[in-house]
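S.K.: This is the structure I have questions about; it appears just below.
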Amino acid sequence: METLAFMVANWSVILARTLEHLSLVGASIAIAICTAVPIGIAITPNPRAANAVLYAASIMITVPSIALFGLLIPVLSLIGQGIGYLPALVALVLYAQLPIIRNTYAAITNVEPALREAARGMGMTTFQRLREVEIPIALPVIVSGVRNAVVLNIAVAAIATYIGAGGLGTFISRGISQTDVRQLLTGAFSVSVLAIAADLALLGAQRLLTSPGLRT
Amino acid sequence: MIRLERLTKSFGATVAVDHVDMEVPAGEVCVLLGPSGCGKTTTMKMINRLIAPTSGKILIDGRDTAGQDDVTLRRSIGYVIQQIGLFPNKTIEDNICVVPDLLGWDRRRSRARAGELLSLVNLEPATFLKRYPKELSGGQQQRVGVVRALAADPPVLLMDEPFGAIDPINREVIQDEFMKLQAALKKTVVFVSHDIDEAVKMASRIAIFRDGRLIQYAKPDDVLAHPVDSFVADFVGADRTLKRLRLVKVADAMMSEPPRVTAEDTLERAVALMEEHGHVSIVMVGPRGRARGVVRLDLARGRRGTVGENHEPLPGIVAVTDDLRKAVAMMFQHDQTWLACVDDEGFYKGYITQRGITHLLGATYGKS
Ligand SMILES: Nc1ncnc2c1ncn2[C@@H]1O[C@H](COP(=O)(O)OP(=O)(O)OP(=O)(O)O)[C@@H](O)[C@H]1O
Ligand SMILES: [Mg+2]
């Protein structure tokens, strides 16, 4: 009850923190898509390179987030950005690589060889084949990788408050340091709701992006 | 016209295609035939350069394909594969228009053509154009696969076991449809098959491969009548003579300008004509020459009256355009040694006998 009262009283702060959180996650995902999808496609012809890249990305994701933030501080201090928005963004971009690269790679390699051969035999260039056939067919799986990354990053971003990046994690860290259950619950609840809402929104996007010929 | 000159492809130590020389004249269907692994697919894929030859040349209409841009070359060659390979994310219409779109054709023109092509293979455009591949049966999908290859009207068509995955009954139907299309379009077709019956049915020429080498390259009837060695003879099968029946038309095996009588003729005249020709029966024709019935010598001899009062129904009739397989089947079915042959309008053109058929098939064996 008390928590509810706190939330009602502080709704504008919650909204501002949510937007902060979203802009951090949104930016990281946008950048991650631009790097991870091309990487996932680029490694498809070469299974050895693919294994190496996927291995590196899985190691990245096993580094605890708080440690990764810590590691980035000295690196980014070199350009005077050791704490705040930028290190948080960099860490989130790194975390998002694995789910997106992995799904892109799996989806493109799973395209039936006969389709690739038909496309080649009809005179498509490599780029046309990707644009007309492979990416549209892989898209549902790529988007589901993006969904995984978004949910992951919404959770990880809650910890970014410790390096001064703001967001909904602020409620949680203050809740802990001030032993204020209301703030703690508010933060935890908002993060969960945000994760679920973002996942559902992307599920809708996934449906829209899937060709009717591929829907089951 | 497609010309292969000393065409060779090795994969490491395996020589998949070994110094193949052959020429497919424009407008003909060349069927590459042979056991699994003999190099049919590899030969075919070198024509559109999906596989680069190790050595040798391929010329299409006199131009060396090695000097051309691969992508441009492939857009000028229709390609049909056994797995069909329709793009599941595209509608039937967009699948058919893939190559026209790559070539930058006007959209209205290519979409109109997609509809025309679909009706050529008996698929209703209004029903099918906007569907997706998964909403079609296997046979329907392969029909689309074939017309997709024809969409940009390429002079050359490559087909790798295109009907191999279709059930036998549908396969016959789709083969017939394709032959009808081909009769109208006259593409230069290279068609891979491992089914001798399919080859005999479709081919203007058959190329028989073994271990990457071209063993025999000849017209279907020649392959069946004169296999060059025991490998080819075994491959085409012990029943090769029966297969030949399909290749010969009734018109080529019948006796033409046969004697005939009309309803008004007397039985005496009928008997006289039969005795003159040494026949045991004679066909009665109508006023304009349509085959109407038959008079038999043993029943007519010594009797009086007209043919019209004494004829019997014809036991069996074949069309001059039918093949001998149908004629022989009908002879067995009606327990006859001869059949009357008529043209499309039913006019009596000649008769065909069991002895005549045996003689014709035997005569070509005598040549070898
Ligand atoms: N990419 C490749 N790498 C290595 N060997 C190959 C390759 N492609 C084909 N071969 C070999 O070349 C030979 C000819 O193969 P090809 O596919 O042309 O046979 P095919 O006559 O089409 O057989 P099938 O009737 O089974 O389709 C085979 O021995 C095959 O194993
Ligand atoms: Mg093959």
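Residue numbering restarts at 1 in every chain; chains get A, B, ... in the order shown in the structure tokens, and ligands count up from 1 in that same order.
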Which residues come within 9 Å of region 189-203 of chain A, counting only C-alpha atoms, excluding same-chain residues fewer than 2 positions away, as number ranges by chain?
M.R.: A: 14, 18, 21-22, 143-144, 146-148, 150-152, 154-155, 158, 168-169, 184-187, 205-208
S.K.: Which protein, DNA or RNA residues have an atom within 9 Å of ligand 1, counting only C-alpha atoms and all ligand atoms, as an MDAnalysis selection string?
M.R.: chainID B and resid 9:17 32:45 51 160:161 192:194 209:212
S.K.: Select from region 289-324 of chain B everything DSSP, run on the backbone, classes as strand (DSSP E), then give the selection as a PyMOL selection string.
M.R.: chain B and resi 291-296+317-319
S.K.: Tell me the residues of chain B close to chain A, meaning within 6 Å using only C-alpha atoms, as a list in words.
M.R.: Val71, Arg74, Arg75, Gly85, Pro88, Asn89 and Tyr132 of chain B
S.K.: Skip Met254 (chain B) itself and residues of its chain fewer than 5 positions away, then list as a list in words all residues within 8 Å of it, counting only C-alpha atoms.
M.R.: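 Listing them by chain and then by number gives Cys341, Gly350, Tyr351, Ile352, Thr353 and Gly356 of chain B.
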S.K.: Give me, as a PyMOL selection string, all polymer residues having an atom no more than 12 Å from region 41-45 of chain A, counting only C-alpha atoms and skipping those fewer than 6 positions away in the same chain.
M.R.: chain A and resi 33-35+51-54+100-111+126-127+130-131+134-135+138-139+142
S.K.: Using only C-alpha atoms, which of the listed residues (A:Leu72, A:Leu4, A:Leu86, A:Ile66) sits closest to Ile159 (chain A)?
M.R.: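 Among the listed residues, the smallest separation from Ile159 (chain A) belongs to A:Ile66.
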S.K.: Need the shell around region 96-101 of chain B: protein/DNA/RNA residues with any atom at most 7 Å away, counting only C-alpha atoms. Skip same-chain ones fewer than 2 positions apart. Format as a list of chain:residue names?
M.R.: A:Met122, B:Arg75, B:Ile92, B:Glu93, B:Asp94, B:Leu103, B:Gly104, B:Trp105, B:Ser110, B:Arg111, B:Ala114, B:Val147, B:Arg148, B:Ala151, B:Ala152
S.K.: List the neighbours of Val283 (chain B) out to 7 Å using only C-alpha atoms; skip same-chain residues closer than 3 positions along the sequence, and give me the result as a PyMOL selection string.
M.R.: chain B and resi 260-261+291+293-295
S.K.: Residues at most 10 Å from Thr62 (chain A), counting only C-alpha atoms, excluding those fewer than 5 positions away in the same chain, as a PyMOL selection string?
M.R.: chain A and resi 57+68+95
S.K.: Could you check which of B:Val248, B:Asp167, B:Asp70, B:Pro162 is closest to ligand 2, using only C-alpha atoms and all ligand atoms?
M.R.: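 Distance minimum relative to ligand 2 lands on B:Pro162.
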S.K.: Could you jot down the CA of Ala50 (chain A) to CA of Ala96 (chain A) separation for me, Å, one decimal place?
M.R.: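 If I compute the distance from CA of Ala50 (chain A) to CA of Ala96 (chain A), I get 16.8 Å.
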S.K.: State, in Å with one decimal place, the distance from CA of Leu118 (chain B) to CA of Lys186 (chain B).
M.R.: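 Answer for the CA of Leu118 (chain B) to CA of Lys186 (chain B) separation: 18.1 Å.
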S.K.: Could you please write out, as a ChimeraX atom specification, every residue of region 26-135 of chain A that DSSP assigns to alpha helix (DSSP H)?
M.R.: /A:26-42,47-62,65-77,85-109,113-121,126-129,135
S.K.: Quick one: of A:Tyr162, A:Trp11, A:Tyr85, A:Phe6, who's nearest to Gly70 (chain A), counting only C-alpha atoms?
M.R.: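 Closest to Gly70 (chain A), using only C-alpha atoms: A:Tyr162.
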S.K.: I'd like to know which of B:Phe332, B:Ser76, B:Gln82, B:Ala327 is closest to ligand 2, using only C-alpha atoms and all ligand atoms.
M.R.: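 Between B:Phe332, B:Ser76, B:Gln82, B:Ala327, the residue approaching ligand 2 most closely is B:Gln82.
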S.K.: For each of B:Phe191, B:Gly278, B:Asp176, B:Gly56, take the minimum atom-to-atom distance to ligand 2, counting only C-alpha atoms and all ligand atoms, then give the residue where this is smallest.
M.R.: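 For ligand 2, the nearest of the given residues is B:Phe191.
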S.K.: Of the residues B:Leu136, B:Ile81, B:Val232, B:Ile282, which is the one nearest to ligand 2, using only C-alpha atoms and all ligand atoms?
M.R.: B:Ile81
S.K.: How many Å separate CA of Val271 (chain B) from CA of Ala329 (chain B)?
M.R.: 29.5 Å
